[in-house]
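K.L.:
My structure is in coords-v1.pdb, and what it holds is PDB, C-alpha atoms and all ligand atoms:
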```
MODEL        1
ATOM      1  CA  MET A   1     -17.005   7.427 -30.903  1.00  0.00           C
ATOM      2  CA  SER A   2     -16.331  10.769 -29.179  1.00  0.00           C
ATOM      3  CA  LYS A   3     -13.372  11.312 -26.860  1.00  0.00           C
ATOM      4  CA  LYS A   4     -15.703  11.210 -23.839  1.00  0.00           C
ATOM      5  CA  ASP A   5     -17.135   7.797 -24.835  1.00  0.00           C
ATOM      6  CA  LYS A   6     -13.728   6.183 -25.009  1.00  0.00           C
ATOM      7  CA  LYS A   7     -12.624   4.500 -21.814  1.00  0.00           C
ATOM      8  CA  THR A   8      -9.553   6.010 -20.173  1.00  0.00           C
ATOM      9  CA  VAL A   9      -6.719   3.521 -19.791  1.00  0.00           C
ATOM     10  CA  LEU A  10      -5.365   3.138 -16.241  1.00  0.00           C
ATOM     11  CA  VAL A  11      -2.061   1.290 -15.845  1.00  0.00           C
ATOM     12  CA  LEU A  12      -1.486  -0.259 -12.433  1.00  0.00           C
ATOM     13  CA  ALA A  13       2.204   0.354 -11.654  1.00  0.00           C
ATOM     14  CA  THR A  14       2.781  -2.982  -9.952  1.00  0.00           C
ATOM     15  CA  ARG A  15       3.937  -6.475 -10.854  1.00  0.00           C
ATOM     16  CA  ASN A  16       2.168  -7.894  -7.790  1.00  0.00           C
ATOM     17  CA  GLU A  17      -0.708 -10.020  -9.144  1.00  0.00           C
ATOM     18  CA  GLY A  18      -2.561  -9.881  -5.809  1.00  0.00           C
ATOM     19  CA  LYS A  19      -2.667  -6.095  -5.938  1.00  0.00           C
ATOM     20  CA  VAL A  20      -3.727  -6.120  -9.600  1.00  0.00           C
ATOM     21  CA  LYS A  21      -6.658  -8.411  -8.798  1.00  0.00           C
ATOM     22  CA  GLU A  22      -7.759  -6.370  -5.791  1.00  0.00           C
ATOM     23  CA  LEU A  23      -7.564  -3.056  -7.661  1.00  0.00           C
ATOM     24  CA  LYS A  24      -9.293  -4.394 -10.778  1.00  0.00           C
ATOM     25  CA  ALA A  25     -12.234  -5.630  -8.693  1.00  0.00           C
ATOM     26  CA  LEU A  26     -12.503  -2.393  -6.772  1.00  0.00           C
ATOM     27  CA  LEU A  27     -12.367  -0.111  -9.801  1.00  0.00           C
ATOM     28  CA  SER A  28     -14.534  -2.299 -12.056  1.00  0.00           C
ATOM     29  CA  ASP A  29     -17.549   0.034 -12.007  1.00  0.00           C
ATOM     30  CA  LEU A  30     -15.596   3.097 -13.167  1.00  0.00           C
ATOM     31  CA  PRO A  31     -15.263   3.861 -16.906  1.00  0.00           C
ATOM     32  CA  LEU A  32     -11.662   2.670 -17.055  1.00  0.00           C
ATOM     33  CA  GLU A  33      -9.768   0.130 -19.113  1.00  0.00           C
ATOM     34  CA  ILE A  34      -7.479  -1.316 -16.484  1.00  0.00           C
ATOM     35  CA  ARG A  35      -4.098  -2.639 -17.525  1.00  0.00           C
ATOM     36  CA  SER A  36      -1.052  -3.739 -15.547  1.00  0.00           C
ATOM     37  CA  LEU A  37       2.701  -3.795 -16.158  1.00  0.00           C
ATOM     38  CA  LYS A  38       2.202  -7.248 -17.707  1.00  0.00           C
ATOM     39  CA  ASP A  39       0.781  -5.331 -20.690  1.00  0.00           C
ATOM     40  CA  TYR A  40       3.964  -3.215 -20.844  1.00  0.00           C
ATOM     41  CA  PRO A  41       6.919  -5.626 -20.647  1.00  0.00           C
ATOM     42  CA  ASP A  42       9.359  -2.846 -21.568  1.00  0.00           C
ATOM     43  CA  ALA A  43       8.233  -0.466 -18.818  1.00  0.00           C
ATOM     44  CA  PRO A  44      11.106   0.492 -16.500  1.00  0.00           C
ATOM     45  CA  GLU A  45      11.643  -1.109 -13.103  1.00  0.00           C
ATOM     46  CA  VAL A  46      11.050   1.821 -10.732  1.00  0.00           C
ATOM     47  CA  LEU A  47      13.221   1.723  -7.615  1.00  0.00           C
ATOM     48  CA  GLU A  48      11.792   2.807  -4.272  1.00  0.00           C
ATOM     49  CA  THR A  49      14.342   5.443  -3.288  1.00  0.00           C
ATOM     50  CA  GLY A  50      12.054   7.950  -1.543  1.00  0.00           C
ATOM     51  CA  ASN A  51      12.015   8.863   2.141  1.00  0.00           C
ATOM     52  CA  THR A  52       8.233   8.784   2.390  1.00  0.00           C
ATOM     53  CA  PHE A  53       5.412   6.587   1.125  1.00  0.00           C
ATOM     54  CA  PHE A  54       4.186   9.543  -0.910  1.00  0.00           C
ATOM     55  CA  GLU A  55       7.563  10.054  -2.637  1.00  0.00           C
ATOM     56  CA  ASN A  56       7.714   6.373  -3.598  1.00  0.00           C
ATOM     57  CA  ALA A  57       4.122   6.201  -4.850  1.00  0.00           C
ATOM     58  CA  PHE A  58       4.481   9.492  -6.738  1.00  0.00           C
ATOM     59  CA  GLN A  59       7.764   8.424  -8.374  1.00  0.00           C
ATOM     60  CA  LYS A  60       6.326   5.071  -9.490  1.00  0.00           C
ATOM     61  CA  ALA A  61       3.079   6.553 -10.839  1.00  0.00           C
ATOM     62  CA  ARG A  62       4.873   9.375 -12.691  1.00  0.00           C
ATOM     63  CA  GLU A  63       7.518   7.136 -14.289  1.00  0.00           C
ATOM     64  CA  ILE A  64       4.940   4.599 -15.460  1.00  0.00           C
ATOM     65  CA  ALA A  65       2.639   7.345 -16.788  1.00  0.00           C
ATOM     66  CA  GLN A  66       5.527   8.875 -18.708  1.00  0.00           C
ATOM     67  CA  ALA A  67       6.798   5.505 -20.006  1.00  0.00           C
ATOM     68  CA  THR A  68       3.361   4.306 -21.176  1.00  0.00           C
ATOM     69  CA  GLY A  69       1.715   7.629 -22.070  1.00  0.00           C
ATOM     70  CA  GLU A  70      -1.323   6.554 -20.028  1.00  0.00           C
ATOM     71  CA  LEU A  71      -2.861   7.343 -16.656  1.00  0.00           C
ATOM     72  CA  ALA A  72      -0.981   5.325 -13.997  1.00  0.00           C
ATOM     73  CA  LEU A  73      -1.714   4.274 -10.416  1.00  0.00           C
ATOM     74  CA  ALA A  74       0.911   3.367  -7.806  1.00  0.00           C
ATOM     75  CA  ASP A  75       0.789   2.682  -4.085  1.00  0.00           C
ATOM     76  CA  ASP A  76       3.279   2.414  -1.277  1.00  0.00           C
ATOM     77  CA  SER A  77       2.641   1.160   2.216  1.00  0.00           C
ATOM     78  CA  GLY A  78       4.285   0.039   5.414  1.00  0.00           C
ATOM     79  CA  LEU A  79       4.284  -0.046   9.184  1.00  0.00           C
ATOM     80  CA  GLU A  80       5.157   2.904  11.471  1.00  0.00           C
ATOM     81  CA  VAL A  81       6.017   2.053  15.085  1.00  0.00           C
ATOM     82  CA  ASP A  82       5.917   4.998  17.510  1.00  0.00           C
ATOM     83  CA  ALA A  83       8.556   3.616  19.914  1.00  0.00           C
ATOM     84  CA  LEU A  84      10.914   3.382  16.897  1.00  0.00           C
ATOM     85  CA  LYS A  85      10.152   6.933  15.728  1.00  0.00           C
ATOM     86  CA  GLY A  86       8.165   5.684  12.742  1.00  0.00           C
ATOM     87  CA  ARG A  87      10.453   2.840  11.656  1.00  0.00           C
ATOM     88  CA  PRO A  88      10.403   0.523   9.713  1.00  0.00           C
ATOM     89  CA  GLY A  89       8.305   2.916   7.555  1.00  0.00           C
ATOM     90  CA  VAL A  90       9.422   2.907   3.926  1.00  0.00           C
ATOM     91  CA  TYR A  91      11.890   0.114   4.809  1.00  0.00           C
ATOM     92  CA  SER A  92       9.114  -2.261   5.963  1.00  0.00           C
ATOM     93  CA  ALA A  93       9.631  -4.826   3.174  1.00  0.00           C
ATOM     94  CA  ARG A  94      13.434  -4.971   3.668  1.00  0.00           C
ATOM     95  CA  TYR A  95      13.738  -4.201   7.393  1.00  0.00           C
ATOM     96  CA  ALA A  96      15.921  -7.226   8.233  1.00  0.00           C
ATOM     97  CA  GLY A  97      17.871  -6.985   4.948  1.00  0.00           C
ATOM     98  CA  PRO A  98      17.350  -6.681   1.176  1.00  0.00           C
ATOM     99  CA  LYS A  99      16.012 -10.237   0.780  1.00  0.00           C
ATOM    100  CA  ALA A 100      14.428 -10.610   4.221  1.00  0.00           C
ATOM    101  CA  THR A 101      11.348 -12.809   4.642  1.00  0.00           C
ATOM    102  CA  ASP A 102       8.215 -11.533   6.380  1.00  0.00           C
ATOM    103  CA  GLU A 103       9.123 -13.588   9.432  1.00  0.00           C
ATOM    104  CA  GLU A 104      12.672 -12.213   9.605  1.00  0.00           C
ATOM    105  CA  ASN A 105      11.271  -8.678   9.437  1.00  0.00           C
ATOM    106  CA  TYR A 106       8.723  -9.072  12.216  1.00  0.00           C
ATOM    107  CA  ARG A 107      11.158 -11.048  14.405  1.00  0.00           C
ATOM    108  CA  LYS A 108      13.591  -8.132  14.161  1.00  0.00           C
ATOM    109  CA  LEU A 109      10.802  -5.743  15.130  1.00  0.00           C
ATOM    110  CA  LEU A 110       9.785  -7.862  18.157  1.00  0.00           C
ATOM    111  CA  GLU A 111      13.413  -8.025  19.262  1.00  0.00           C
ATOM    112  CA  GLU A 112      13.781  -4.238  19.058  1.00  0.00           C
ATOM    113  CA  LEU A 113      10.599  -3.780  21.095  1.00  0.00           C
ATOM    114  CA  ARG A 114      11.552  -6.420  23.696  1.00  0.00           C
ATOM    115  CA  ASP A 115      11.706  -3.919  26.579  1.00  0.00           C
ATOM    116  CA  VAL A 116       8.854  -1.688  25.437  1.00  0.00           C
ATOM    117  CA  PRO A 117       5.745  -1.952  27.675  1.00  0.00           C
ATOM    118  CA  PRO A 118       2.300  -2.686  26.164  1.00  0.00           C
ATOM    119  CA  GLU A 119       0.999   0.911  26.338  1.00  0.00           C
ATOM    120  CA  LYS A 120       3.989   2.161  24.337  1.00  0.00           C
ATOM    121  CA  ARG A 121       3.673  -0.421  21.550  1.00  0.00           C
ATOM    122  CA  THR A 122       1.408   1.758  19.397  1.00  0.00           C
ATOM    123  CA  ALA A 123       1.795   1.539  15.613  1.00  0.00           C
ATOM    124  CA  ARG A 124      -0.050   2.064  12.367  1.00  0.00           C
ATOM    125  CA  PHE A 125      -0.061   0.761   8.838  1.00  0.00           C
ATOM    126  CA  ARG A 126      -0.106   3.518   6.242  1.00  0.00           C
ATOM    127  CA  CYS A 127      -0.947   3.343   2.544  1.00  0.00           C
ATOM    128  CA  VAL A 128      -0.542   6.144   0.022  1.00  0.00           C
ATOM    129  CA  ILE A 129      -1.941   5.909  -3.515  1.00  0.00           C
ATOM    130  CA  VAL A 130      -1.024   8.273  -6.353  1.00  0.00           C
ATOM    131  CA  VAL A 131      -2.736   8.452  -9.739  1.00  0.00           C
ATOM    132  CA  TYR A 132      -0.658  10.377 -12.301  1.00  0.00           C
ATOM    133  CA  HIS A 133      -1.674  11.535 -15.780  1.00  0.00           C
ATOM    134  CA  PRO A 134       1.003  12.140 -18.469  1.00  0.00           C
ATOM    135  CA  SER A 135      -0.267  15.755 -18.673  1.00  0.00           C
ATOM    136  CA  GLY A 136       1.112  16.250 -15.146  1.00  0.00           C
ATOM    137  CA  HIS A 137      -2.206  16.168 -13.265  1.00  0.00           C
ATOM    138  CA  TRP A 138      -2.181  13.885 -10.235  1.00  0.00           C
ATOM    139  CA  LEU A 139      -4.268  12.748  -7.301  1.00  0.00           C
ATOM    140  CA  LYS A 140      -3.219  11.410  -3.887  1.00  0.00           C
ATOM    141  CA  THR A 141      -5.197   9.422  -1.327  1.00  0.00           C
ATOM    142  CA  GLU A 142      -4.114   7.955   1.985  1.00  0.00           C
ATOM    143  CA  GLY A 143      -5.340   5.502   4.634  1.00  0.00           C
ATOM    144  CA  THR A 144      -4.071   4.520   8.080  1.00  0.00           C
ATOM    145  CA  TRP A 145      -4.882   1.643  10.439  1.00  0.00           C
ATOM    146  CA  GLU A 146      -4.035   2.052  14.126  1.00  0.00           C
ATOM    147  CA  GLY A 147      -2.952  -0.906  16.272  1.00  0.00           C
ATOM    148  CA  LEU A 148      -0.476  -2.317  18.788  1.00  0.00           C
ATOM    149  CA  ILE A 149       2.554  -4.539  18.298  1.00  0.00           C
ATOM    150  CA  THR A 150       2.215  -7.893  20.101  1.00  0.00           C
ATOM    151  CA  THR A 151       5.067  -9.726  21.848  1.00  0.00           C
ATOM    152  CA  GLU A 152       4.541 -12.971  19.888  1.00  0.00           C
ATOM    153  CA  PRO A 153       3.272 -13.640  16.348  1.00  0.00           C
ATOM    154  CA  ARG A 154      -0.283 -15.009  16.090  1.00  0.00           C
ATOM    155  CA  GLY A 155      -2.420 -16.129  13.134  1.00  0.00           C
ATOM    156  CA  GLU A 156      -1.952 -17.563   9.662  1.00  0.00           C
ATOM    157  CA  HIS A 157      -3.765 -15.139   7.370  1.00  0.00           C
ATOM    158  CA  GLY A 158      -2.385 -12.134   5.522  1.00  0.00           C
ATOM    159  CA  PHE A 159       1.254 -11.266   4.973  1.00  0.00           C
ATOM    160  CA  GLY A 160       4.046  -8.987   6.178  1.00  0.00           C
ATOM    161  CA  TYR A 161       3.608  -7.743   9.744  1.00  0.00           C
ATOM    162  CA  ASP A 162       0.010  -9.013  10.104  1.00  0.00           C
ATOM    163  CA  PRO A 163       0.903 -11.682  12.746  1.00  0.00           C
ATOM    164  CA  VAL A 164       2.297  -9.023  15.137  1.00  0.00           C
ATOM    165  CA  PHE A 165      -0.263  -6.253  14.478  1.00  0.00           C
ATOM    166  CA  LEU A 166      -2.991  -6.331  17.131  1.00  0.00           C
ATOM    167  CA  ILE A 167      -6.361  -4.797  16.242  1.00  0.00           C
ATOM    168  CA  PRO A 168      -7.285  -3.391  19.675  1.00  0.00           C
ATOM    169  CA  GLU A 169     -11.071  -3.408  19.205  1.00  0.00           C
ATOM    170  CA  LEU A 170     -11.055  -7.106  18.180  1.00  0.00           C
ATOM    171  CA  GLY A 171      -8.284  -8.364  20.473  1.00  0.00           C
ATOM    172  CA  LYS A 172      -6.928 -10.262  17.451  1.00  0.00           C
ATOM    173  CA  THR A 173      -3.976  -9.774  15.157  1.00  0.00           C
ATOM    174  CA  ALA A 174      -4.453  -8.877  11.502  1.00  0.00           C
ATOM    175  CA  ALA A 175      -3.344 -12.459  10.719  1.00  0.00           C
ATOM    176  CA  GLU A 176      -6.069 -13.952  12.949  1.00  0.00           C
ATOM    177  CA  VAL A 177      -8.958 -12.344  11.080  1.00  0.00           C
ATOM    178  CA  PRO A 178     -10.139 -13.531   7.649  1.00  0.00           C
ATOM    179  CA  PRO A 179      -9.385 -11.368   4.608  1.00  0.00           C
ATOM    180  CA  GLU A 180     -13.004 -10.068   4.455  1.00  0.00           C
ATOM    181  CA  VAL A 181     -12.552  -8.506   7.887  1.00  0.00           C
ATOM    182  CA  LYS A 182      -9.085  -7.099   7.183  1.00  0.00           C
ATOM    183  CA  ASN A 183     -10.305  -5.669   3.880  1.00  0.00           C
ATOM    184  CA  LYS A 184     -12.910  -3.572   5.682  1.00  0.00           C
ATOM    185  CA  LEU A 185     -10.509  -2.090   8.235  1.00  0.00           C
ATOM    186  CA  SER A 186      -7.121  -1.833   6.581  1.00  0.00           C
ATOM    187  CA  HIS A 187      -5.068   1.183   5.562  1.00  0.00           C
ATOM    188  CA  ARG A 188      -5.254  -0.040   1.938  1.00  0.00           C
ATOM    189  CA  ALA A 189      -9.046  -0.398   2.072  1.00  0.00           C
ATOM    190  CA  LYS A 190      -9.352   3.177   3.379  1.00  0.00           C
ATOM    191  CA  ALA A 191      -6.999   4.637   0.767  1.00  0.00           C
ATOM    192  CA  LEU A 192      -8.870   2.738  -1.967  1.00  0.00           C
ATOM    193  CA  ALA A 193     -12.287   3.872  -0.705  1.00  0.00           C
ATOM    194  CA  GLN A 194     -11.084   7.473  -0.823  1.00  0.00           C
ATOM    195  CA  LEU A 195      -9.647   6.911  -4.289  1.00  0.00           C
ATOM    196  CA  LYS A 196     -12.942   5.597  -5.551  1.00  0.00           C
ATOM    197  CA  GLN A 197     -14.689   8.664  -4.201  1.00  0.00           C
ATOM    198  CA  LYS A 198     -12.250  11.144  -5.753  1.00  0.00           C
ATOM    199  CA  LEU A 199     -11.496   9.446  -9.083  1.00  0.00           C
ATOM    200  CA  PRO A 200     -14.690  10.282 -11.043  1.00  0.00           C
ATOM    201  CA  ALA A 201     -14.206  14.079 -10.619  1.00  0.00           C
ATOM    202  CA  PHE A 202     -10.486  13.741 -11.394  1.00  0.00           C
ATOM    203  CA  LEU A 203     -11.214  11.816 -14.619  1.00  0.00           C
ATOM    204  CA  GLU A 204     -13.903  14.298 -15.605  1.00  0.00           C
ATOM    205  CA  ALA A 205     -11.456  17.207 -15.287  1.00  0.00           C
ATOM    206  CA  LEU A 206      -8.695  15.619 -17.418  1.00  0.00           C
TER
HETATM  207  P1  LIG A 301       4.661  -2.330  -0.621  1.00  0.00           P
HETATM  208  O1  LIG A 301       3.642  -1.287  -0.382  1.00  0.00           O
HETATM  209  O2  LIG A 301       4.201  -3.381  -1.568  1.00  0.00           O
HETATM  210  O3  LIG A 301       6.002  -1.722  -0.984  1.00  0.00           O
HETATM  211  O4  LIG A 301       4.864  -3.132   0.749  1.00  0.00           O
HETATM  212  C1  LIG A 301       5.519  -2.606   1.845  1.00  0.00           C
HETATM  213  C2  LIG A 301       5.687  -3.575   3.012  1.00  0.00           C
HETATM  214  O5  LIG A 301       4.932  -3.065   4.113  1.00  0.00           O
HETATM  215  C3  LIG A 301       5.210  -5.008   2.838  1.00  0.00           C
HETATM  216  O6  LIG A 301       6.204  -5.830   2.304  1.00  0.00           O
HETATM  217  C4  LIG A 301       4.909  -5.400   4.290  1.00  0.00           C
HETATM  218  O7  LIG A 301       6.094  -5.740   4.961  1.00  0.00           O
HETATM  219  C5  LIG A 301       4.393  -4.108   4.873  1.00  0.00           C
HETATM  220  N1  LIG A 301       2.912  -4.046   4.749  1.00  0.00           N
HETATM  221  C6  LIG A 301       2.185  -3.211   3.961  1.00  0.00           C
HETATM  222  N2  LIG A 301       0.860  -3.460   4.090  1.00  0.00           N
HETATM  223  C7  LIG A 301       0.765  -4.479   4.966  1.00  0.00           C
HETATM  224  C8  LIG A 301      -0.342  -5.208   5.499  1.00  0.00           C
HETATM  225  O8  LIG A 301      -1.529  -4.996   5.162  1.00  0.00           O
HETATM  226  N3  LIG A 301      -0.043  -6.183   6.383  1.00  0.00           N
HETATM  227  C9  LIG A 301       1.221  -6.478   6.761  1.00  0.00           C
HETATM  228  N4  LIG A 301       2.286  -5.856   6.293  1.00  0.00           N
HETATM  229  C10 LIG A 301       2.068  -4.852   5.403  1.00  0.00           C
ENDMDL
END
```
Turn this file's structure into structure tokens for me.
P.N.:
Amino acid sequence: MSKKDKKTVLVLATRNEGKVKELKALLSDLPLEIRSLKDYPDAPEVLETGNTFFENAFQKAREIAQATGELALADDSGLEVDALKGRPGVYSARYAGPKATDEENYRKLLEELRDVPPEKRTARFRCVIVVYHPSGHWLKTEGTWEGLITTEPRGEHGFGYDPVFLIPELGKTAAEVPPEVKNKLSHRAKALAQLKQKLPAFLEAL
């Protein structure tokens, strides 16, 4: 078998099974052998110490590529609220404290925005994906999803800040729409669509 016939291994730099499933399905038609950190129990735990989503995704992808010797993919995402100058941003998962629940995080956000009028409650989810090859070549893609922060949580679907993120064109929160709808509109869906477009040329050039 020639080098070109052999599938390139891609290690997903996450221990989140939901993400692994989503990424595996999305990338299934590319010539990749997809693995996750489950296949590398000794891989290091990469801390998110960056000031931007890009720094965090880049750091995770690079460390996992270097630790495994394979191509690695990492993402980082969160919510940016304009009235809070972009917070919670990279702190989205731990906004109300290191072990905060989703509800504690969005309750804190609603409290901080208590006096902010509807037209100033603009926000966006952002997702950055980095694919890093041990040779040092890398690729970045990004997606955003614009919305408004509600005054009360609504809906049971999704996770994180979905119950307080209003999709203006639907008049519903991200937690009130089924996953099929969210997965067409979301920041992650957009970053993944871009990744899928750019990945074949990137792999070809390795
Ligand atoms: P990470 O990208 O897995 O580090 O997640 C960052 C955090 O951002 C999550 O824990 C959520 O609080 C928030 N977040 C990211 N994407 C979404 C989303 O699609 N809906 C709601 N919250 C999200």
K.L.:
With distances taken over all atoms listed in the file, which residue among A:Leu113, A:Ile64, A:Ala25, A:Val81 lies nearest Val130 of chain A?
P.N.:
A:Ile64
K.L.:
Counting all atoms listed in the file, which residues in chain A sit no more than 10 Å from ligand LIG 301 (chain A)? For each one, give the nearest pair of atoms and the distance in Å, sorted by chain then residue number, as CSV.
P.N.:
```
residue,atom,partner,partner_atom,distance
A:Thr14,CA,A:LIG301,O2,8.5
A:Arg15,CA,A:LIG301,O2,9.8
A:Asn16,CA,A:LIG301,O2,8.0
A:Lys19,CA,A:LIG301,O2,8.6
A:Glu48,CA,A:LIG301,O3,8.1
A:Phe53,CA,A:LIG301,O1,8.2
A:Asn56,CA,A:LIG301,O3,8.7
A:Ala57,CA,A:LIG301,O1,8.7
A:Ala74,CA,A:LIG301,O1,9.2
A:Asp75,CA,A:LIG301,O1,6.1
A:Asp76,CA,A:LIG301,O1,3.8
A:Ser77,CA,A:LIG301,O1,3.7
A:Gly78,CA,A:LIG301,O5,3.4
A:Leu79,CA,A:LIG301,C5,5.9
A:Glu80,CA,A:LIG301,O5,9.5
A:Pro88,CA,A:LIG301,O5,8.6
A:Gly89,CA,A:LIG301,O5,7.7
A:Val90,CA,A:LIG301,C1,7.1
A:Tyr91,CA,A:LIG301,C2,7.4
A:Ser92,CA,A:LIG301,O5,4.6
A:Ala93,CA,A:LIG301,O6,3.7
A:Arg94,CA,A:LIG301,O6,7.4
A:Tyr95,CA,A:LIG301,O7,8.2
A:Ala100,CA,A:LIG301,O7,9.7
A:Thr101,CA,A:LIG301,O7,8.8
A:Asp102,CA,A:LIG301,O7,6.3
A:Glu103,CA,A:LIG301,O7,9.5
A:Asn105,CA,A:LIG301,O7,7.4
A:Tyr106,CA,A:LIG301,O7,8.4
A:Arg124,CA,A:LIG301,C7,9.9
A:Phe125,CA,A:LIG301,N2,6.4
A:Arg126,CA,A:LIG301,N2,7.4
A:Cys127,CA,A:LIG301,O1,7.1
A:Val128,CA,A:LIG301,O1,8.5
A:Ile129,CA,A:LIG301,O1,9.6
A:Trp145,CA,A:LIG301,O8,9.1
A:His157,CA,A:LIG301,N3,9.7
A:Gly158,CA,A:LIG301,N3,6.5
A:Phe159,CA,A:LIG301,C9,5.1
A:Gly160,CA,A:LIG301,N4,3.6
A:Tyr161,CA,A:LIG301,C9,4.0
A:Asp162,CA,A:LIG301,C9,4.4
A:Pro163,CA,A:LIG301,C9,7.9
A:Val164,CA,A:LIG301,C9,8.8
A:Phe165,CA,A:LIG301,C9,7.9
A:Ala174,CA,A:LIG301,N3,7.3
A:Ala175,CA,A:LIG301,N3,8.3
A:Lys182,CA,A:LIG301,O8,8.1
A:Asn183,CA,A:LIG301,O8,8.9
A:Leu185,CA,A:LIG301,O8,9.9
A:Ser186,CA,A:LIG301,O8,6.6
A:His187,CA,A:LIG301,O8,7.1
A:Arg188,CA,A:LIG301,O8,7.0
A:Ala189,CA,A:LIG301,O8,9.3
```
K.L.:
Applied to this file, what does the PyMOL selection byres (((chain A and resi 70) around 9) and not hetatm) return in terms of residues, put as a list in words?
P.N.:
Thr8, Val9, Leu10, Val11, Ile64, Ala65, Gln66, Ala67, Thr68, Gly69, Leu71, Ala72, Tyr132, His133 and Pro134 of chain A
K.L.:
Which residues come within 8 Å of Glu63 of chain A, counting all atoms listed in the file, excluding same-chain residues fewer than 4 positions away, as a PyMOL selection string?
P.N.:
chain A and resi 44+46+59+67
K.L.:
Write out the residues from the selection above, keeping C-alpha atoms, as a CSV table (one decimal), in the frame of the given file.
P.N.:
```csv
chain,number,residue,atom,x,y,z
A,44,PRO,CA,11.1,0.5,-16.5
A,46,VAL,CA,11.0,1.8,-10.7
A,59,GLN,CA,7.8,8.4,-8.4
A,67,ALA,CA,6.8,5.5,-20.0
```
K.L.:
Which of these residues is nearest to Glu112 of chain A, using only C-alpha atoms: A:Leu84, A:Ala96, A:Ala201, A:Ala43?
P.N.:
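That would be A:Leu84, the residue with the smallest distance to Glu112 of chain A.
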K.L.:
Using all atoms listed in the file, can you tell me which of A:Ala205, A:Leu47, A:Leu192, A:Val177 comes closest to Lys24 of chain A?
P.N.:
A:Leu192
K.L.:
Run the PyMOL selection byres (((chain A and resi 114-116) around 12) and not hetatm) on the file and write out the hits as a PDB file with C-alpha atoms, in the frame of the given file.
P.N.:
```pdb
ATOM      1  CA  VAL A  81       6.017   2.053  15.085  1.00  0.00           C
ATOM      2  CA  ASP A  82       5.917   4.998  17.510  1.00  0.00           C
ATOM      3  CA  ALA A  83       8.556   3.616  19.914  1.00  0.00           C
ATOM      4  CA  LEU A  84      10.914   3.382  16.897  1.00  0.00           C
ATOM      5  CA  ARG A 107      11.158 -11.048  14.405  1.00  0.00           C
ATOM      6  CA  LYS A 108      13.591  -8.132  14.161  1.00  0.00           C
ATOM      7  CA  LEU A 109      10.802  -5.743  15.130  1.00  0.00           C
ATOM      8  CA  LEU A 110       9.785  -7.862  18.157  1.00  0.00           C
ATOM      9  CA  GLU A 111      13.413  -8.025  19.262  1.00  0.00           C
ATOM     10  CA  GLU A 112      13.781  -4.238  19.058  1.00  0.00           C
ATOM     11  CA  LEU A 113      10.599  -3.780  21.095  1.00  0.00           C
ATOM     12  CA  PRO A 117       5.745  -1.952  27.675  1.00  0.00           C
ATOM     13  CA  PRO A 118       2.300  -2.686  26.164  1.00  0.00           C
ATOM     14  CA  GLU A 119       0.999   0.911  26.338  1.00  0.00           C
ATOM     15  CA  LYS A 120       3.989   2.161  24.337  1.00  0.00           C
ATOM     16  CA  ARG A 121       3.673  -0.421  21.550  1.00  0.00           C
ATOM     17  CA  THR A 122       1.408   1.758  19.397  1.00  0.00           C
ATOM     18  CA  LEU A 148      -0.476  -2.317  18.788  1.00  0.00           C
ATOM     19  CA  ILE A 149       2.554  -4.539  18.298  1.00  0.00           C
ATOM     20  CA  THR A 150       2.215  -7.893  20.101  1.00  0.00           C
ATOM     21  CA  THR A 151       5.067  -9.726  21.848  1.00  0.00           C
ATOM     22  CA  GLU A 152       4.541 -12.971  19.888  1.00  0.00           C
TER      23      GLU A 152
END
```
K.L.:
So what do you get for atom CA of Leu195 of chain A versus atom CA of Thr141 of chain A, distance-wise?
P.N.:
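Atom-to-atom, atom CA of Leu195 of chain A and atom CA of Thr141 of chain A are spaced 5.9 Å apart.
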K.L.:
Expressed in Å to a single decimal, how great is the separation between atom CA of Lys196 of chain A and atom CA of Phe58 of chain A?
P.N.:
17.9 Å
K.L.:
Tell me which of A:Gly86, A:Pro200, A:Gly50, A:Gly143 sits closest to Leu32 of chain A, counting only C-alpha atoms.
P.N.:
A:Pro200
K.L.:
Given only C-alpha atoms as the basis, pick out the residue of A:Leu12, A:Val181, A:Ala191, A:Leu199 nearest to Asp29 of chain A.
P.N.:
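Among the listed residues, A:Leu199 lies closest to Asp29 of chain A.
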K.L.:
For atom CA of Lys60 of chain A and atom CA of Glu17 of chain A, quote the distance in Å rounded to one decimal.
P.N.:
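Separation of atom CA of Lys60 of chain A and atom CA of Glu17 of chain A: 16.7 Å.
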K.L.:
Using the incomplete input, complete segment 63-69 of chain A to the level of N, CA and C atoms; output as an mmCIF file, keeping the file's coordinate frame.
P.N.:
```cif
data_model
loop_
_atom_site.group_PDB
_atom_site.id
_atom_site.type_symbol
_atom_site.label_atom_id
_atom_site.label_comp_id
_atom_site.auth_asym_id
_atom_site.auth_seq_id
_atom_site.Cartn_x
_atom_site.Cartn_y
_atom_site.Cartn_z
ATOM 1 N N GLU A 63 6.655 7.819 -13.304
ATOM 2 C CA GLU A 63 7.518 7.136 -14.289
ATOM 3 C C GLU A 63 6.711 6.232 -15.204
ATOM 4 N N ILE A 64 5.730 5.522 -14.632
ATOM 5 C CA ILE A 64 4.940 4.599 -15.460
ATOM 6 C C ILE A 64 4.008 5.392 -16.381
ATOM 7 N N ALA A 65 3.476 6.513 -15.917
ATOM 8 C CA ALA A 65 2.639 7.345 -16.788
ATOM 9 C C ALA A 65 3.471 7.882 -17.951
ATOM 10 N N GLN A 66 4.678 8.320 -17.644
ATOM 11 C CA GLN A 66 5.527 8.875 -18.708
ATOM 12 C C GLN A 66 6.010 7.784 -19.666
ATOM 13 N N ALA A 67 6.305 6.592 -19.149
ATOM 14 C CA ALA A 67 6.798 5.505 -20.006
ATOM 15 C C ALA A 67 5.696 4.943 -20.897
ATOM 16 N N THR A 68 4.446 4.933 -20.404
ATOM 17 C CA THR A 68 3.361 4.306 -21.176
ATOM 18 C C THR A 68 2.499 5.334 -21.919
ATOM 19 N N GLY A 69 2.572 6.590 -21.479
ATOM 20 C CA GLY A 69 1.715 7.629 -22.070
ATOM 21 C C GLY A 69 0.268 7.508 -21.611
#
```
